[in-house]
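Structure file query23.cif; described as mmCIF, C-alpha atoms and all ligand atoms.
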data_work
#
loop_
_atom_site.group_PDB
_atom_site.id
_atom_site.type_symbol
_atom_site.label_atom_id
_atom_site.label_comp_id
_atom_site.auth_asym_id
_atom_site.auth_seq_id
_atom_site.Cartn_x
_atom_site.Cartn_y
_atom_site.Cartn_z
ATOM 1 C CA MET A 1195 97.223 130.544 166.285
ATOM 2 C CA ALA A 1196 93.588 129.899 165.504
ATOM 3 C CA TYR A 1197 94.331 128.853 161.926
ATOM 4 C CA PRO A 1198 93.819 126.265 160.592
ATOM 5 C CA HIS A 1199 90.418 126.102 162.243
ATOM 6 C CA GLN A 1200 89.566 122.606 163.429
ATOM 7 C CA LEU A 1201 86.271 120.769 163.173
ATOM 8 C CA PRO A 1202 85.155 120.417 166.816
ATOM 9 C CA GLU A 1203 84.479 116.923 168.096
ATOM 10 C CA LEU A 1204 80.919 115.989 168.943
ATOM 11 C CA GLY A 1205 80.560 115.425 172.668
ATOM 12 C CA PHE A 1206 78.256 112.463 172.071
ATOM 13 C CA ALA A 1207 77.696 109.601 169.627
ATOM 14 C CA HIS A 1208 75.895 110.230 166.339
ATOM 15 C CA ASP A 1209 72.877 108.274 167.544
ATOM 16 C CA ALA A 1210 72.792 109.789 171.047
ATOM 17 C CA LEU A 1211 70.081 112.328 170.233
ATOM 18 C CA GLU A 1212 67.653 109.809 168.752
ATOM 19 C CA PRO A 1213 64.727 109.745 168.308
ATOM 20 C CA HIS A 1214 64.727 113.540 168.232
ATOM 21 C CA ILE A 1215 67.648 113.920 165.813
ATOM 22 C CA ASP A 1216 68.603 110.804 163.858
ATOM 23 C CA ALA A 1217 72.112 109.373 163.565
ATOM 24 C CA ARG A 1218 72.361 109.695 159.780
ATOM 25 C CA THR A 1219 71.478 113.378 159.945
ATOM 26 C CA MET A 1220 74.130 113.912 162.621
ATOM 27 C CA GLU A 1221 76.772 112.039 160.590
ATOM 28 C CA ILE A 1222 76.160 114.128 157.488
ATOM 29 C CA HIS A 1223 75.583 117.373 159.326
ATOM 30 C CA HIS A 1224 78.784 117.226 161.369
ATOM 31 C CA GLY A 1225 81.001 115.159 159.104
ATOM 32 C CA LYS A 1226 80.060 116.770 155.774
ATOM 33 C CA HIS A 1227 78.351 120.129 156.270
ATOM 34 C CA HIS A 1228 80.327 121.430 159.247
ATOM 35 C CA ALA A 1229 83.521 119.918 157.870
ATOM 36 C CA GLY A 1230 82.828 121.727 154.603
ATOM 37 C CA TYR A 1231 82.416 125.110 156.272
ATOM 38 C CA THR A 1232 85.646 124.467 158.157
ATOM 39 C CA SER A 1233 87.707 123.632 155.083
ATOM 40 C CA LYS A 1234 86.254 126.505 153.060
ATOM 41 C CA LEU A 1235 86.932 128.959 155.883
ATOM 42 C CA ASN A 1236 90.536 127.770 155.992
ATOM 43 C CA ALA A 1237 90.858 128.015 152.221
ATOM 44 C CA ALA A 1238 89.625 131.620 152.272
ATOM 45 C CA LEU A 1239 92.137 132.514 154.989
ATOM 46 C CA GLU A 1240 95.115 130.614 153.595
ATOM 47 C CA ALA A 1241 96.725 133.569 151.834
ATOM 48 C CA HIS A 1242 95.935 135.996 154.668
ATOM 49 C CA ALA A 1243 98.520 135.211 157.338
ATOM 50 C CA ASP A 1244 97.699 138.414 159.194
ATOM 51 C CA LEU A 1245 94.302 136.899 160.057
ATOM 52 C CA HIS A 1246 95.609 133.522 161.243
ATOM 53 C CA GLY A 1247 95.711 134.578 164.877
ATOM 54 C CA LYS A 1248 92.062 135.531 165.014
ATOM 55 C CA SER A 1249 89.380 133.159 166.256
ATOM 56 C CA ALA A 1250 86.450 132.438 163.972
ATOM 57 C CA ILE A 1251 84.167 134.424 166.306
ATOM 58 C CA GLU A 1252 86.543 137.403 166.098
ATOM 59 C CA LEU A 1253 86.512 137.167 162.310
ATOM 60 C CA VAL A 1254 82.727 137.085 161.914
ATOM 61 C CA SER A 1255 82.231 139.780 164.563
ATOM 62 C CA ASP A 1256 83.966 142.369 162.376
ATOM 63 C CA LEU A 1257 83.410 141.479 158.739
ATOM 64 C CA ASP A 1258 84.033 145.061 157.677
ATOM 65 C CA ALA A 1259 87.634 144.716 158.804
ATOM 66 C CA LEU A 1260 88.268 141.886 156.342
ATOM 67 C CA PRO A 1261 89.629 142.237 152.822
ATOM 68 C CA ALA A 1262 86.737 142.560 150.389
ATOM 69 C CA ASP A 1263 87.794 139.503 148.394
ATOM 70 C CA ILE A 1264 87.240 137.117 151.329
ATOM 71 C CA ARG A 1265 84.474 138.931 153.198
ATOM 72 C CA GLY A 1266 81.688 136.883 151.614
ATOM 73 C CA ALA A 1267 83.496 133.584 152.101
ATOM 74 C CA VAL A 1268 84.160 134.331 155.778
ATOM 75 C CA ARG A 1269 80.584 135.492 156.294
ATOM 76 C CA ASN A 1270 79.224 132.227 154.905
ATOM 77 C CA ASN A 1271 81.829 129.695 156.006
ATOM 78 C CA GLY A 1272 83.053 131.411 159.158
ATOM 79 C CA GLY A 1273 79.424 131.874 160.101
ATOM 80 C CA GLY A 1274 78.741 128.227 159.365
ATOM 81 C CA TYR A 1275 81.801 127.253 161.373
ATOM 82 C CA VAL A 1276 80.858 129.156 164.536
ATOM 83 C CA ASN A 1277 77.118 128.471 164.312
ATOM 84 C CA HIS A 1278 77.571 124.706 164.183
ATOM 85 C CA ALA A 1279 80.239 124.725 166.896
ATOM 86 C CA LEU A 1280 77.675 126.315 169.199
ATOM 87 C CA PHE A 1281 74.870 124.026 168.019
ATOM 88 C CA TRP A 1282 76.707 120.807 168.956
ATOM 89 C CA ASP A 1283 77.746 122.281 172.285
ATOM 90 C CA VAL A 1284 74.234 123.192 173.404
ATOM 91 C CA MET A 1285 72.776 119.745 172.746
ATOM 92 C CA THR A 1286 73.062 116.601 174.847
ATOM 93 C CA PRO A 1287 71.117 113.413 175.429
ATOM 94 C CA GLY A 1288 69.209 113.469 178.688
ATOM 95 C CA GLY A 1289 69.665 117.103 179.593
ATOM 96 C CA ALA A 1290 67.659 119.009 182.166
ATOM 97 C CA ASP A 1291 64.109 120.000 181.283
ATOM 98 C CA ALA A 1292 64.615 123.632 182.204
ATOM 99 C CA PRO A 1293 67.375 126.096 182.983
ATOM 100 C CA GLY A 1294 68.178 127.121 186.527
ATOM 101 C CA GLY A 1295 69.699 130.033 188.370
ATOM 102 C CA ASP A 1296 70.474 133.357 186.711
ATOM 103 C CA LEU A 1297 69.487 132.121 183.268
ATOM 104 C CA ALA A 1298 66.020 131.083 184.436
ATOM 105 C CA ALA A 1299 65.529 134.493 186.036
ATOM 106 C CA ALA A 1300 66.742 136.281 182.895
ATOM 107 C CA ILE A 1301 64.360 134.261 180.710
ATOM 108 C CA ASP A 1302 61.451 135.130 182.982
ATOM 109 C CA ALA A 1303 62.476 138.800 182.943
ATOM 110 C CA ALA A 1304 62.755 138.976 179.161
ATOM 111 C CA PHE A 1305 59.888 136.749 178.048
ATOM 112 C CA GLY A 1306 57.571 136.225 181.032
ATOM 113 C CA SER A 1307 58.113 132.503 181.427
ATOM 114 C CA LEU A 1308 60.031 129.572 179.981
ATOM 115 C CA ASP A 1309 56.992 128.553 177.943
ATOM 116 C CA ASP A 1310 56.646 132.073 176.546
ATOM 117 C CA PHE A 1311 60.321 132.014 175.613
ATOM 118 C CA LYS A 1312 59.964 128.638 173.890
ATOM 119 C CA ALA A 1313 56.989 129.891 171.880
ATOM 120 C CA LYS A 1314 58.901 132.977 170.770
ATOM 121 C CA PHE A 1315 62.012 130.972 169.881
ATOM 122 C CA GLN A 1316 60.037 128.397 167.914
ATOM 123 C CA GLY A 1317 58.135 131.186 166.191
ATOM 124 C CA ALA A 1318 61.324 132.938 165.114
ATOM 125 C CA ALA A 1319 63.042 129.748 163.981
ATOM 126 C CA GLY A 1320 59.922 128.362 162.361
ATOM 127 C CA GLY A 1321 59.206 131.626 160.584
ATOM 128 C CA GLN A 1322 62.675 132.080 159.129
ATOM 129 C CA PHE A 1323 62.038 131.913 155.382
ATOM 130 C CA GLY A 1324 64.364 129.430 153.733
ATOM 131 C CA SER A 1325 67.619 128.491 155.390
ATOM 132 C CA GLY A 1326 68.807 130.020 158.639
ATOM 133 C CA TRP A 1327 68.874 129.807 162.389
ATOM 134 C CA GLY A 1328 66.867 130.693 165.477
ATOM 135 C CA TRP A 1329 68.774 132.092 168.450
ATOM 136 C CA LEU A 1330 68.601 133.073 172.089
ATOM 137 C CA CYS A 1331 71.112 135.885 172.527
ATOM 138 C CA SER A 1332 72.541 137.936 175.335
ATOM 139 C CA ASP A 1333 73.809 141.480 175.093
ATOM 140 C CA GLY A 1334 76.725 142.661 177.184
ATOM 141 C CA SER A 1335 74.459 143.518 180.119
ATOM 142 C CA GLY A 1336 72.840 140.088 180.261
ATOM 143 C CA THR A 1337 69.541 141.084 178.641
ATOM 144 C CA LEU A 1338 68.152 138.273 176.505
ATOM 145 C CA SER A 1339 66.529 138.445 173.084
ATOM 146 C CA VAL A 1340 65.330 136.035 170.408
ATOM 147 C CA VAL A 1341 66.480 136.601 166.844
ATOM 148 C CA ALA A 1342 66.511 134.679 163.584
ATOM 149 C CA THR A 1343 69.269 134.929 161.008
ATOM 150 C CA ALA A 1344 69.336 133.975 157.339
ATOM 151 C CA ASN A 1345 71.784 131.544 155.774
ATOM 152 C CA GLN A 1346 74.875 131.256 158.025
ATOM 153 C CA ASP A 1347 74.746 134.743 159.463
ATOM 154 C CA SER A 1348 75.682 134.820 163.142
ATOM 155 C CA PRO A 1349 74.264 137.043 165.881
ATOM 156 C CA HIS A 1350 77.903 138.045 166.492
ATOM 157 C CA MET A 1351 77.580 140.018 163.240
ATOM 158 C CA GLN A 1352 75.044 142.275 164.976
ATOM 159 C CA GLY A 1353 76.907 142.563 168.261
ATOM 160 C CA LEU A 1354 74.912 139.932 170.131
ATOM 161 C CA THR A 1355 76.254 136.801 171.800
ATOM 162 C CA PRO A 1356 74.284 133.665 170.910
ATOM 163 C CA ILE A 1357 73.830 131.282 173.854
ATOM 164 C CA LEU A 1358 71.336 128.833 172.294
ATOM 165 C CA GLY A 1359 70.728 128.177 168.622
ATOM 166 C CA VAL A 1360 68.815 125.841 166.381
ATOM 167 C CA ASP A 1361 69.682 125.130 162.771
ATOM 168 C CA VAL A 1362 66.644 125.324 160.477
ATOM 169 C CA TRP A 1363 68.420 124.515 157.213
ATOM 170 C CA GLU A 1364 66.636 121.512 155.721
ATOM 171 C CA HIS A 1365 69.857 119.480 156.070
ATOM 172 C CA ALA A 1366 69.309 119.671 159.841
ATOM 173 C CA TYR A 1367 66.001 117.825 159.840
ATOM 174 C CA TYR A 1368 64.813 116.684 156.415
ATOM 175 C CA LEU A 1369 65.662 112.966 156.676
ATOM 176 C CA ASN A 1370 63.557 112.556 159.795
ATOM 177 C CA TYR A 1371 60.976 115.313 159.522
ATOM 178 C CA GLN A 1372 60.783 116.188 155.789
ATOM 179 C CA ASN A 1373 58.851 119.478 155.585
ATOM 180 C CA ARG A 1374 57.673 119.366 159.220
ATOM 181 C CA ARG A 1375 59.986 122.023 160.636
ATOM 182 C CA PRO A 1376 57.622 122.737 163.573
ATOM 183 C CA ASP A 1377 57.847 119.089 164.693
ATOM 184 C CA TYR A 1378 61.651 119.250 164.608
ATOM 185 C CA LEU A 1379 61.598 122.459 166.624
ATOM 186 C CA ALA A 1380 59.236 120.985 169.206
ATOM 187 C CA ALA A 1381 61.502 117.926 169.561
ATOM 188 C CA PHE A 1382 64.626 120.095 169.899
ATOM 189 C CA TRP A 1383 63.765 120.935 173.531
ATOM 190 C CA ASN A 1384 64.369 117.279 174.439
ATOM 191 C CA VAL A 1385 68.055 117.609 173.593
ATOM 192 C CA VAL A 1386 68.917 121.101 174.831
ATOM 193 C CA ASN A 1387 71.873 121.179 177.207
ATOM 194 C CA TRP A 1388 70.715 123.881 179.609
ATOM 195 C CA ASP A 1389 73.919 123.617 181.651
ATOM 196 C CA ARG A 1390 75.916 124.738 178.622
ATOM 197 C CA VAL A 1391 73.413 127.483 177.759
ATOM 198 C CA ALA A 1392 73.687 128.766 181.337
ATOM 199 C CA ALA A 1393 77.484 128.689 181.175
ATOM 200 C CA ARG A 1394 77.401 130.629 177.916
ATOM 201 C CA TYR A 1395 75.036 133.145 179.497
ATOM 202 C CA GLU A 1396 77.419 133.718 182.405
ATOM 203 C CA ALA A 1397 80.354 134.130 180.003
ATOM 204 C CA ALA A 1398 78.418 136.571 177.802
ATOM 205 C CA LYS A 1399 77.681 138.831 180.757
ATOM 206 C CA GLY A 1400 81.429 139.231 181.186
HETATM 207 MN MN MN3 B 1 73.656 123.066 159.421
#

Mind converting the file's structure to structure tokens?
Amino acid sequence: MAYPHQLPELGFAHDALEPHIDARTMEIHHGKHHAGYTSKLNAALEAHADLHGKSAIELVSDLDALPADIRGAVRNNGGGYVNHALFWDVMTPGGADAPGGDLAAAIDAAFGSLDDFKAKFQGAAGGQFGSGWGWLCSDGSGTLSVVATANQDSPHMQGLTPILGVDVWEHAYYLNYQNRRPDYLAAFWNVVNWDRVAARYEAAKG
């Protein structure tokens, strides 16, 4: 039974990503924002026992299958739930500078080079108007693409598997960076956990 959905633990201390992401932001972001999406997702699902066996990714991957009265709540809060679960998982203090193996080759194939990929990813995330996310996604054949989504929409909603994501809601960076979203995005590379991104890439290929 997937329900009630649980707030995932952080795999590191709140201050572990400093100076790139500050401890207070992490406390609020995980303990208030992600916790809020979790509780609101559970509240939307409470009266729908037939959906209690589905994972949050399964739910957001097929919104059309949901009852109309909870579709919006699951889109927003289920999306928020799965997006943040990925976000925490693909960050770590002291990670590798670059991916290796199959993922490195796939990035070169899709974007030309790691630097070209980073520029495209930062451009998509930086150019997302208002709140949203930037993503590196894999399709079922292992081909990579960069997309941005608005609000808490997930790439799963368009049939893509996200393997790296960055939150560009102001709550993700405003305490430390104020309006300087590009500076936050540039600093993000210092905390990417490429081992986890590579593992997600292998899993997405199936
Ligand atoms: Mn957020």

Could you give me the residues within 9 Å of ligand MN3 1 (chain B), counting all atoms listed in the file, as a PyMOL selection string?
chain A and resi 1223-1224+1227-1228+1274+1277-1278+1281+1326-1327+1346+1360-1366

Selection file, C-alpha atoms, as an mmCIF file, keeping the file's coordinate frame:
data_model
loop_
_atom_site.group_PDB
_atom_site.id
_atom_site.type_symbol
_atom_site.label_atom_id
_atom_site.label_comp_id
_atom_site.auth_asym_id
_atom_site.auth_seq_id
_atom_site.Cartn_x
_atom_site.Cartn_y
_atom_site.Cartn_z
ATOM 1 C CA HIS A 1223 75.583 117.373 159.326
ATOM 2 C CA HIS A 1224 78.784 117.226 161.369
ATOM 3 C CA HIS A 1227 78.351 120.129 156.270
ATOM 4 C CA HIS A 1228 80.327 121.430 159.247
ATOM 5 C CA GLY A 1274 78.741 128.227 159.365
ATOM 6 C CA ASN A 1277 77.118 128.471 164.312
ATOM 7 C CA HIS A 1278 77.571 124.706 164.183
ATOM 8 C CA PHE A 1281 74.870 124.026 168.019
ATOM 9 C CA GLY A 1326 68.807 130.020 158.639
ATOM 10 C CA TRP A 1327 68.874 129.807 162.389
ATOM 11 C CA GLN A 1346 74.875 131.256 158.025
ATOM 12 C CA VAL A 1360 68.815 125.841 166.381
ATOM 13 C CA ASP A 1361 69.682 125.130 162.771
ATOM 14 C CA VAL A 1362 66.644 125.324 160.477
ATOM 15 C CA TRP A 1363 68.420 124.515 157.213
ATOM 16 C CA GLU A 1364 66.636 121.512 155.721
ATOM 17 C CA HIS A 1365 69.857 119.480 156.070
ATOM 18 C CA ALA A 1366 69.309 119.671 159.841
#

Return the single residue from A:Gln1316, A:Ser1348, A:Asn1270, A:Ser1332 that is closest to Ala1392 in chain A, with distances computed using all atoms listed in the file.
A:Ser1332

Expanded to explicit residues, what is the PyMOL selection byres (((chain A and resi 1256) around 12) and not hetatm) for this file, as a count of residues only?
25

Taking the file as shown, find all residues satisfying the PyMOL selection byres (((chain A and resi 1220) around 9) and not hetatm) and write them as a list in words.
Ala1207, His1208, Asp1209, Leu1211, Ile1215, Asp1216, Ala1217, Arg1218, Thr1219, Glu1221, Ile1222, His1223, His1224, Gly1225 and Ala1366 of chain A

Would you give the centre and edge lengths, in Å to one decimal, of a box along x, y and z around the listed atoms of range 1219-1229 of chain A, with 4 Å added to each side, as AutoDock Vina command-line options?
--center_x 77.5 --center_y 116.7 --center_z 159.2 --size_x 20.0 --size_y 17.4 --size_z 14.8

Could you list the residues chosen by the PyMOL selection byres (((chain A and resi 1308) around 12) and not hetatm) in this structure as an NGL selection string?
:A and (1291-1294 or 1297-1307 or 1309-1315 or 1383)

Straight-line distance linking CA of Val1341 in chain A with CA of Val1276 in chain A, stated in Å to one decimal
16.4 Å
